[in-house]
$ cat target-v1.txt   # compact mmCIF, C-alpha atoms
# COMPACT_ATOMS: atom_id res chain seq x y z
CA MET A 1 1.95 -13.10 59.36
CA ASN A 2 2.84 -10.53 62.03
CA ARG A 3 0.89 -7.35 62.80
CA ARG A 4 3.20 -5.13 60.69
CA GLN A 5 2.83 -7.40 57.64
CA TRP A 6 -0.95 -7.46 58.09
CA MET A 7 -1.14 -3.66 58.29
CA MET A 8 1.07 -3.15 55.25
CA GLY A 9 -1.03 -5.63 53.30
CA SER A 10 -4.20 -3.79 54.28
CA LEU A 11 -2.77 -0.47 53.11
CA LEU A 12 -1.55 -1.81 49.80
CA ALA A 13 -4.60 -3.87 48.89
CA PRO A 14 -6.89 -1.00 47.82
CA ALA A 15 -4.17 0.44 45.58
CA ALA A 16 -3.59 -2.93 43.99
CA ARG A 17 -7.28 -3.34 43.27
CA ALA A 18 -7.42 0.13 41.73
CA VAL A 19 -4.91 -0.74 39.03
CA PRO A 20 -6.94 -1.81 35.97
CA ALA A 21 -6.10 -5.10 34.34
CA GLN A 22 -4.10 -4.67 31.15
CA ALA A 23 -6.34 -5.02 28.15
CA GLY A 24 -5.53 -7.87 25.80
CA PRO A 25 -5.33 -7.62 22.02
CA LYS A 26 -8.47 -6.89 20.05
CA ASN A 27 -9.63 -7.21 16.47
CA ILE A 28 -8.17 -4.29 14.54
CA VAL A 29 -7.30 -3.71 10.89
CA ILE A 30 -5.39 -0.81 9.34
CA ALA A 31 -4.68 -0.03 5.69
CA SER A 32 -3.60 2.68 3.29
CA SER A 33 -6.12 5.43 2.56
CA ASN A 34 -7.83 3.44 -0.21
CA GLY A 35 -8.50 0.60 2.23
CA ALA A 36 -11.57 1.65 4.20
CA ARG A 37 -13.69 -1.05 2.58
CA ALA A 38 -10.88 -3.56 2.93
CA CYS A 39 -10.62 -2.84 6.67
CA ALA A 40 -14.35 -3.26 7.12
CA ARG A 41 -14.47 -6.61 5.34
CA ALA A 42 -11.37 -7.90 7.10
CA ARG A 43 -12.63 -6.97 10.54
CA GLU A 44 -16.01 -8.60 9.89
CA MET A 45 -14.14 -11.81 9.15
CA LEU A 46 -12.05 -11.46 12.30
CA GLU A 47 -15.20 -10.98 14.37
CA ALA A 48 -16.54 -14.19 12.84
CA GLY A 49 -13.39 -16.03 13.89
CA GLY A 50 -11.64 -15.96 10.53
CA ASP A 51 -7.90 -16.31 10.11
CA THR A 52 -6.00 -13.01 9.98
CA LEU A 53 -4.42 -13.69 6.57
CA GLU A 54 -7.71 -14.87 5.10
CA ALA A 55 -9.27 -11.64 6.37
CA VAL A 56 -6.74 -9.17 4.93
CA ILE A 57 -6.68 -10.94 1.55
CA ALA A 58 -10.47 -10.83 1.36
CA GLY A 59 -10.24 -7.14 2.21
CA VAL A 60 -7.78 -6.19 -0.53
CA ASN A 61 -9.65 -8.33 -3.05
CA ILE A 62 -12.19 -5.48 -3.07
CA ASN A 63 -9.53 -3.16 -4.47
CA GLU A 64 -8.01 -5.75 -6.78
CA GLU A 65 -11.39 -6.36 -8.40
CA ASP A 66 -12.44 -2.69 -8.51
CA PRO A 67 -11.83 -1.12 -11.95
CA GLU A 68 -11.94 2.35 -10.39
CA ASP A 69 -8.86 1.73 -8.23
CA ASN A 70 -6.21 2.45 -10.85
CA SER A 71 -3.30 1.46 -8.61
CA VAL A 72 -4.35 -2.11 -7.82
CA GLY A 73 -5.46 -5.15 -9.80
CA TYR A 74 -8.10 -4.87 -12.51
CA GLY A 75 -7.97 -1.42 -14.09
CA GLY A 76 -4.49 -0.69 -12.79
CA LEU A 77 -2.42 1.68 -14.89
CA PRO A 78 -0.23 -0.36 -17.24
CA ASN A 79 3.45 -0.48 -18.12
CA GLU A 80 4.90 1.48 -21.04
CA GLU A 81 3.62 -1.15 -23.49
CA GLY A 82 0.05 -0.90 -22.23
CA VAL A 83 0.12 -4.15 -20.26
CA VAL A 84 -1.00 -4.34 -16.61
CA GLU A 85 1.56 -6.12 -14.42
CA LEU A 86 0.73 -6.89 -10.79
CA ASP A 87 2.79 -7.53 -7.65
CA ALA A 88 1.72 -8.82 -4.23
CA SER A 89 3.05 -10.32 -1.01
CA VAL A 90 1.46 -11.97 2.02
CA MET A 91 2.74 -12.88 5.48
CA HIS A 92 0.99 -15.09 8.04
CA GLY A 93 2.14 -14.29 11.56
CA PRO A 94 1.03 -17.45 13.41
CA THR A 95 2.94 -19.80 11.08
CA ARG A 96 5.65 -17.26 10.13
CA ARG A 97 5.16 -18.15 6.47
CA CYS A 98 5.05 -15.89 3.43
CA GLY A 99 4.57 -15.80 -0.32
CA ALA A 100 4.82 -13.33 -3.19
CA VAL A 101 4.34 -12.83 -6.91
CA ALA A 102 5.78 -10.15 -9.17
CA ALA A 103 5.19 -8.93 -12.74
CA LEU A 104 2.09 -11.13 -12.92
CA ARG A 105 -0.16 -10.51 -15.94
CA ASN A 106 -3.79 -11.36 -16.69
CA ILE A 107 -4.83 -12.35 -13.13
CA LYS A 108 -7.00 -9.92 -11.14
CA THR A 109 -6.12 -11.06 -7.63
CA PRO A 110 -2.35 -11.48 -7.19
CA SER A 111 -2.78 -11.58 -3.40
CA LYS A 112 -4.58 -14.92 -3.76
CA VAL A 113 -1.81 -16.26 -5.98
CA ALA A 114 0.82 -15.10 -3.46
CA ARG A 115 -0.99 -17.02 -0.73
CA LEU A 116 -0.94 -20.18 -2.83
CA VAL A 117 2.78 -19.75 -3.45
CA MET A 118 3.10 -19.79 0.34
CA GLU A 119 0.78 -22.76 0.87
CA GLN A 120 1.36 -24.96 -2.20
CA THR A 121 5.07 -24.58 -2.97
CA ASP A 122 8.44 -24.72 -1.27
CA HIS A 123 9.20 -21.25 -2.70
CA ILE A 124 8.51 -17.73 -1.51
CA MET A 125 8.34 -15.74 -4.76
CA LEU A 126 7.33 -16.48 -8.34
CA VAL A 127 7.66 -13.88 -11.10
CA GLY A 128 6.56 -13.13 -14.64
CA GLU A 129 5.67 -16.05 -16.90
CA GLY A 130 6.41 -18.54 -14.13
CA ALA A 131 3.94 -16.82 -11.82
CA LEU A 132 1.30 -16.84 -14.56
CA ARG A 133 1.80 -20.54 -15.30
CA PHE A 134 1.48 -21.31 -11.60
CA ALA A 135 -1.73 -19.26 -11.37
CA ARG A 136 -3.19 -21.12 -14.34
CA ALA A 137 -2.24 -24.45 -12.75
CA MET A 138 -4.07 -23.34 -9.59
CA GLY A 139 -7.23 -22.72 -11.59
CA PHE A 140 -7.13 -18.96 -12.09
CA GLN A 141 -8.69 -17.66 -15.30
CA GLU A 142 -6.77 -15.22 -17.46
CA GLU A 143 -8.45 -11.98 -18.53
CA ASN A 144 -7.49 -8.59 -19.92
CA LEU A 145 -6.89 -6.28 -16.96
CA LEU A 146 -6.77 -3.08 -19.01
CA THR A 147 -10.05 -1.18 -18.69
CA GLU A 148 -11.11 1.52 -21.15
CA LYS A 149 -10.32 4.17 -18.55
CA SER A 150 -6.78 2.89 -18.01
CA ARG A 151 -6.30 2.38 -21.74
CA LEU A 152 -7.27 6.01 -22.38
CA ALA A 153 -4.79 7.16 -19.73
CA TRP A 154 -2.05 5.08 -21.37
CA LEU A 155 -2.79 6.57 -24.80
CA VAL A 156 -2.74 10.08 -23.34
CA TRP A 157 0.61 9.29 -21.75
CA LYS A 158 1.94 8.13 -25.12
CA ARG A 159 0.84 11.44 -26.64
CA SER A 160 2.55 13.35 -23.85
CA LEU A 161 5.98 12.00 -24.78
CA ARG A 162 8.06 14.63 -26.51
CA ASP A 163 11.71 15.07 -27.44
CA PRO A 164 13.57 18.33 -26.64
CA ARG A 165 12.16 19.86 -29.83
CA GLY A 166 8.61 19.07 -28.80
CA HIS A 167 8.13 16.23 -31.28
CA GLY A 168 6.42 12.95 -30.41
CA ASN A 169 5.67 9.83 -32.43
CA TRP A 170 2.19 9.49 -30.96
CA GLY A 171 0.34 12.52 -32.26
CA GLU A 172 -0.99 14.13 -35.39
CA GLY A 173 2.38 14.59 -37.07
CA LEU A 174 4.51 17.55 -38.07
CA SER A 175 2.16 18.59 -40.85
CA ALA A 176 -0.81 19.05 -38.50
CA PRO A 177 -1.61 22.55 -37.22
CA ALA A 178 -0.32 23.27 -33.72
CA LYS A 179 -2.84 22.74 -30.94
CA LYS A 180 -2.76 23.02 -27.19
CA PRO A 181 -2.87 19.69 -25.34
CA ALA A 182 -6.45 20.19 -24.15
CA ALA A 183 -7.65 20.79 -27.71
CA TRP A 184 -6.06 17.76 -29.30
CA LEU A 185 -7.05 15.57 -26.36
CA ARG A 186 -10.69 16.49 -26.92
CA GLU A 187 -10.33 15.73 -30.63
CA GLN A 188 -8.59 12.41 -30.05
CA PHE A 189 -11.07 11.25 -27.40
CA PRO A 190 -14.39 12.92 -28.24
CA LYS A 191 -16.43 10.53 -26.08
CA ALA A 192 -14.45 11.22 -22.90
CA ASP A 193 -15.71 13.91 -20.55
CA GLU A 194 -13.55 16.81 -19.38
CA ALA A 195 -12.97 15.39 -15.92
CA LEU A 196 -11.70 12.09 -17.32
CA LEU A 197 -9.36 13.82 -19.75
CA ALA A 198 -8.04 16.09 -17.02
CA TRP A 199 -7.35 13.04 -14.84
CA ALA A 200 -5.67 11.20 -17.71
CA TRP A 201 -3.40 14.18 -18.44
CA GLU A 202 -2.48 14.47 -14.76
CA VAL A 203 -1.50 10.81 -14.40
CA ALA A 204 0.36 10.97 -17.72
CA LEU A 205 2.56 13.81 -16.49
CA HIS A 206 2.76 12.68 -12.85
CA PRO A 207 2.62 8.86 -12.79
CA PRO A 208 0.96 7.67 -9.56
CA SER A 209 2.46 4.87 -7.50
CA GLY A 210 -0.52 3.76 -5.45
CA THR A 211 -0.97 0.36 -3.81
CA ILE A 212 -2.91 -1.08 -0.90
CA ASN A 213 -1.33 -2.42 2.27
CA CYS A 214 -3.54 -4.05 4.90
CA LEU A 215 -2.50 -5.31 8.35
CA ALA A 216 -4.61 -7.18 10.89
CA LEU A 217 -4.50 -8.20 14.56
CA ASN A 218 -7.10 -10.46 16.16
CA ALA A 219 -8.23 -10.95 19.75
CA LYS A 220 -5.90 -13.94 20.10
CA GLY A 221 -2.91 -11.76 19.31
CA GLU A 222 -2.38 -13.25 15.85
CA MET A 223 -1.23 -10.98 13.02
CA SER A 224 -1.02 -11.05 9.22
CA GLY A 225 -0.49 -8.62 6.36
CA VAL A 226 -0.76 -8.18 2.61
CA THR A 227 0.45 -5.63 0.08
CA THR A 228 -0.80 -5.63 -3.51
CA THR A 229 -0.32 -3.23 -6.43
CA SER A 230 -0.23 -2.62 -10.16
CA GLY A 231 3.01 -0.74 -9.57
CA LEU A 232 4.34 2.44 -11.04
CA ALA A 233 2.38 3.63 -14.06
CA TRP A 234 4.20 3.48 -17.42
CA LYS A 235 7.04 1.43 -15.92
CA ILE A 236 9.52 -0.57 -17.98
CA PRO A 237 8.00 -4.05 -18.46
CA GLY A 238 9.25 -6.33 -15.73
CA ARG A 239 9.89 -3.55 -13.22
CA VAL A 240 9.20 -4.72 -9.68
CA GLY A 241 8.71 -2.32 -6.78
CA ASP A 242 8.67 -2.88 -3.05
CA SER A 243 5.21 -4.44 -2.70
CA PRO A 244 6.23 -8.09 -3.30
CA ILE A 245 9.59 -7.69 -1.56
CA LEU A 246 9.34 -9.16 1.94
CA GLY A 247 11.01 -6.75 4.33
CA ALA A 248 10.34 -3.74 2.11
CA GLY A 249 6.66 -3.54 1.15
CA LEU A 250 5.54 -5.88 3.94
CA TRP A 251 6.88 -7.47 7.12
CA VAL A 252 5.11 -9.32 9.92
CA ASP A 253 6.76 -10.61 13.09
CA GLN A 254 4.28 -12.37 15.33
CA ASP A 255 6.28 -11.42 18.42
CA VAL A 256 6.39 -7.69 17.66
CA GLY A 257 4.05 -6.34 15.00
CA ALA A 258 3.59 -5.65 11.32
CA ALA A 259 4.36 -2.91 8.81
CA GLY A 260 3.79 -2.12 5.16
CA SER A 261 4.03 0.69 2.65
CA THR A 262 2.68 2.53 -0.36
CA GLY A 263 4.43 5.02 -2.63
CA ARG A 264 7.76 4.97 -4.45
CA GLY A 265 9.01 1.43 -4.10
CA GLU A 266 12.59 2.04 -5.19
CA GLU A 267 13.24 4.25 -2.18
CA ASN A 268 11.57 1.85 0.22
CA ILE A 269 13.64 -1.08 -1.03
CA ARG A 270 16.80 0.88 -0.29
CA VAL A 271 15.91 1.11 3.41
CA ALA A 272 14.05 -2.22 3.80
CA GLY A 273 11.29 -0.08 5.27
CA ALA A 274 8.79 -2.58 6.67
CA HIS A 275 11.49 -4.70 8.32
CA THR A 276 13.18 -1.57 9.67
CA ILE A 277 9.92 -0.41 11.27
CA VAL A 278 9.23 -3.75 12.94
CA GLU A 279 12.78 -3.89 14.27
CA ASN A 280 12.38 -0.34 15.56
CA MET A 281 9.27 -1.45 17.44
CA ARG A 282 11.17 -4.45 18.79
CA GLN A 283 13.66 -1.99 20.29
CA GLY A 284 10.85 -0.09 22.00
CA MET A 285 9.93 2.63 19.51
CA PRO A 286 6.18 3.40 19.30
CA PRO A 287 4.70 2.77 15.82
CA ARG A 288 4.68 6.47 14.89
CA GLU A 289 8.35 7.01 15.71
CA ALA A 290 9.28 3.69 14.10
CA CYS A 291 7.71 4.82 10.80
CA LEU A 292 9.25 8.29 10.95
CA ASP A 293 12.68 6.80 11.57
CA ALA A 294 12.38 4.73 8.38
CA LEU A 295 11.39 7.88 6.46
CA LYS A 296 14.42 9.70 7.88
CA ARG A 297 16.58 6.96 6.40
CA VAL A 298 15.01 7.64 3.01
CA ALA A 299 15.75 11.37 3.37
CA ARG A 300 19.32 10.56 4.43
CA ASN A 301 19.87 8.72 1.13
CA PHE A 302 19.33 12.08 -0.61
CA SER A 303 21.35 14.02 1.97
CA GLY A 304 18.09 15.74 2.93
CA ASP A 305 17.87 17.49 -0.46
CA ARG A 306 14.21 18.52 -0.61
CA SER A 307 14.44 19.44 -4.29
CA LYS A 308 14.91 15.72 -4.95
CA LEU A 309 12.72 14.37 -2.16
CA VAL A 310 9.76 16.46 -3.31
CA GLN A 311 9.65 14.46 -6.55
CA PHE A 312 8.16 11.42 -4.84
CA ASP A 313 6.25 10.30 -1.77
CA LEU A 314 6.31 7.24 0.46
CA SER A 315 4.00 6.20 3.28
CA PHE A 316 4.42 3.58 5.98
CA TYR A 317 1.84 1.84 8.18
CA ALA A 318 2.58 0.01 11.42
CA LEU A 319 0.49 -2.15 13.76
CA ARG A 320 2.03 -3.35 17.02
CA LYS A 321 1.02 -6.60 18.68
CA ASP A 322 -0.67 -4.76 21.54
CA GLY A 323 -2.95 -2.89 19.10
CA ALA A 324 -1.03 0.41 18.90
CA TYR A 325 -0.80 1.67 15.31
CA ALA A 326 0.31 4.59 13.17
CA GLY A 327 0.79 5.84 9.64
CA ALA A 328 3.50 8.21 8.44
CA SER A 329 4.38 9.85 5.12
CA LEU A 330 7.42 11.58 3.73
CA TRP A 331 5.27 14.60 2.82
CA ALA A 332 2.18 16.11 4.40
CA GLY A 333 0.70 17.11 1.07
CA ALA A 334 -1.72 19.99 0.55
CA THR A 335 -5.47 20.26 0.13
CA ARG A 336 -7.10 21.91 -2.86
CA GLN A 337 -7.85 24.89 -0.69
CA GLY A 338 -4.13 25.34 -0.16
CA LYS A 339 -4.20 24.27 3.48
CA LEU A 340 -1.50 21.85 4.53
CA ALA A 341 -2.85 18.56 5.84
CA PRO A 342 -1.39 15.13 6.56
CA ARG A 343 -2.12 12.16 4.38
CA ARG A 344 -4.60 9.61 5.69
CA PHE A 345 -4.78 5.91 6.41
CA ALA A 346 -7.74 3.66 7.17
CA VAL A 347 -8.54 2.06 10.53
CA ASN A 348 -11.29 -0.26 11.71
CA ASP A 349 -11.36 -1.32 15.35
CA GLY A 350 -15.15 -1.56 15.54
CA GLY A 351 -18.09 -0.10 13.64
CA GLN A 352 -17.36 1.82 10.46
CA SER A 353 -13.88 2.32 9.08
CA ARG A 354 -12.41 5.77 9.52
CA LEU A 355 -9.50 7.73 8.10
CA GLU A 356 -6.84 9.06 10.43
CA GLY A 357 -4.01 11.48 9.71
CA CYS A 358 -0.49 10.27 9.01
CA ALA A 359 2.51 11.76 10.74
CA TYR A 360 4.99 13.26 8.27
CA LEU A 361 8.52 14.52 7.88
CA PHE A 362 8.08 17.48 5.51
CA GLU A 363 5.39 19.94 4.46
CA ARG A 364 4.83 20.88 0.86
CA LYS A 365 4.15 24.49 0.02
CA PRO A 366 0.44 25.24 -0.40
CA GLU A 367 -0.73 24.89 -4.00
$ encode --input "target-v1.txt" --output "structure tokens"
Amino acid sequence: MNRRQWMMGSLLAPAARAVPAQAGPKNIVIASSNGARACARAREMLEAGGDTLEAVIAGVNINEEDPEDNSVGYGGLPNEEGVVELDASVMHGPTRRCGAVAALRNIKTPSKVARLVMEQTDHIMLVGEGALRFARAMGFQEENLLTEKSRLAWLVWKRSLRDPRGHGNWGEGLSAPAKKPAAWLREQFPKADEALLAWAWEVALHPPSGTINCLALNAKGEMSGVTTTSGLAWKIPGRVGDSPILGAGLWVDQDVGAAGSTGRGEENIRVAGAHTIVENMRQGMPPREACLDALKRVARNFSGDRSKLVQFDLSFYALRKDGAYAGASLWAGATRQGKLAPRRFAVNDGGQSRLEGCAYLFERKPE
């Protein structure tokens, strides 16, 4: 080494030491807004060295078994015949394997069944009666998934159905005196409180399309994801949304990241949302922009017509392999106080889970 090389090395050395080492991946879990508990449980399992897929499934099992979550598992709002049908998909990043079930009845935890489809068969998806027979063969016990709360909502929905003349088959009949909906609801369900009836009427008129998506990254850089749902309320029996469709409701690429969704499945299927987001990230888009781009594709399918787009919502969640993450929704929504605010999604990267705001394409008018 000559004197010039030595001097240049001496000048550059302090600057080189000042550059911090790039942080490696860490244990982090994100989920839709109903997934705070799921994130907490999943991250606890990651901290204990658990597998990423095992962790996210254990997380969403909380929602699947919770009768108060009316968009997932037990207590989910039923199809038009009053039967709860469940969909779920799982993807395991390290092995690049996946499994799914659709239109599954009588089993609380479809995410567990989807995992067994992945592990115990040479298939990726089982549906309907075949999925149920498989679940029974794997030792799952059948049970009625319709709770009294969901049953009441279904009956209220039946009573809300009217032809153009205002007549419906589920009601008191033409000979009965005319009553406002609130009055005959109270008479039909005298044991239900006002808040429950108000909720039932709301979901009857505006069917929710909830779900839970949960994505995880561990300190080794391994990723997995799960999406599970009871689907669109009052759907035609056998309807399947995006949740069990790999590439739509869920996609995990161990080399890039993971994405999932909640909301109107039909529109997500048309843009293969989760796969689109992961491919966007592969091309260098940050998670936020990757999600927004997928939502722009949804809006494009309606030529940007907000009068049609306002009739549904769709949210995406993305977790990149380096730990960057984001959530984004088609609509910002509005608070009860009339102030516009973004929708939320759950995050746990240490300590308690928290809710963060989603990016969004459009703002609704204040209510």
$ atom_distance --input "target-v1.txt" --atom1 "atom CA of A:Thr147" --atom2 "atom CA of A:Phe316"
29.0 Å
$ closest_atom_pairs --input "target-v1.txt" --of "stretch 73-126 of chain A" --to "stretch 206-224 of chain A" --cutoff "10 Å" --atoms "all atoms listed in the file" --output "CSV"
residue,atom,partner,partner_atom,distance
A:Gly73,CA,A:Thr211,CA,9.3
A:Gly76,CA,A:Gly210,CA,9.5
A:Leu77,CA,A:Pro208,CA,8.7
A:Asp87,CA,A:Thr211,CA,9.5
A:Ala88,CA,A:Thr211,CA,9.6
A:Ser89,CA,A:Asn213,CA,9.6
A:Val90,CA,A:Ser224,CA,7.7
A:Met91,CA,A:Ser224,CA,5.6
A:His92,CA,A:Ser224,CA,4.7
A:Gly93,CA,A:Met223,CA,4.9
A:Pro94,CA,A:Glu222,CA,5.9
A:Thr95,CA,A:Glu222,CA,9.7
A:Arg96,CA,A:Ser224,CA,9.2
A:Arg97,CA,A:Ser224,CA,9.8
A:Cys98,CA,A:Ser224,CA,9.7
$ closest_residue --input "target-v1.txt" --among "A:Asn27, A:Thr227, A:Asn301, A:Asn144" --to "A:Lys321" --atoms "only C-alpha atoms"
A:Asn27
$ atom_distance --input "target-v1.txt" --atom1 "atom CA of A:Ala359" --atom2 "atom CA of A:Leu205"
27.3 Å
$ closest_residue --input "target-v1.txt" --among "A:Leu86, A:Ile277, A:Ala153, A:Leu232" --to "A:Glu202" --atoms "all atoms listed in the file"
A:Ala153
$ closest_residue --input "target-v1.txt" --among "A:Ala290, A:Val156, A:Val298, A:Ala332" --to "A:Glu80" --atoms "only C-alpha atoms"
A:Val156
$ atom_distance --input "target-v1.txt" --atom1 "atom CA of A:Leu355" --atom2 "atom CA of A:Trp251"
22.4 Å
$ residues_near_point --input "target-v1.txt" --point "(6.5, 5.8, 0.1)" --cutoff "8 Å" --atoms "all atoms listed in the file" --output "list in words"
Ser261, Thr262, Gly263, Arg264, Gly265, Glu267, Asn268, Phe312, Asp313, Leu314, Ser315, Phe316, Ser329 and Leu330 of chain A
$ residues_around --input "target-v1.txt" --residues "A:Arg297" --least-positions-apart "4" --cutoff "9 Å" --atoms "only C-alpha atoms" --output "PyMOL selection string"
chain A and resi 271+273+292-293+301
$ closest_residue --input "target-v1.txt" --among "A:Trp154, A:Leu197, A:Gln141, A:Ala100" --to "A:Leu246" --atoms "all atoms listed in the file"
A:Ala100
$ residues_near_point --input "target-v1.txt" --point "(0.7, -24.7, -3.6)" --cutoff "12 Å" --atoms "all atoms listed in the file" --output "PyMOL selection string"
chain A and resi 99+112-126+131+134-139
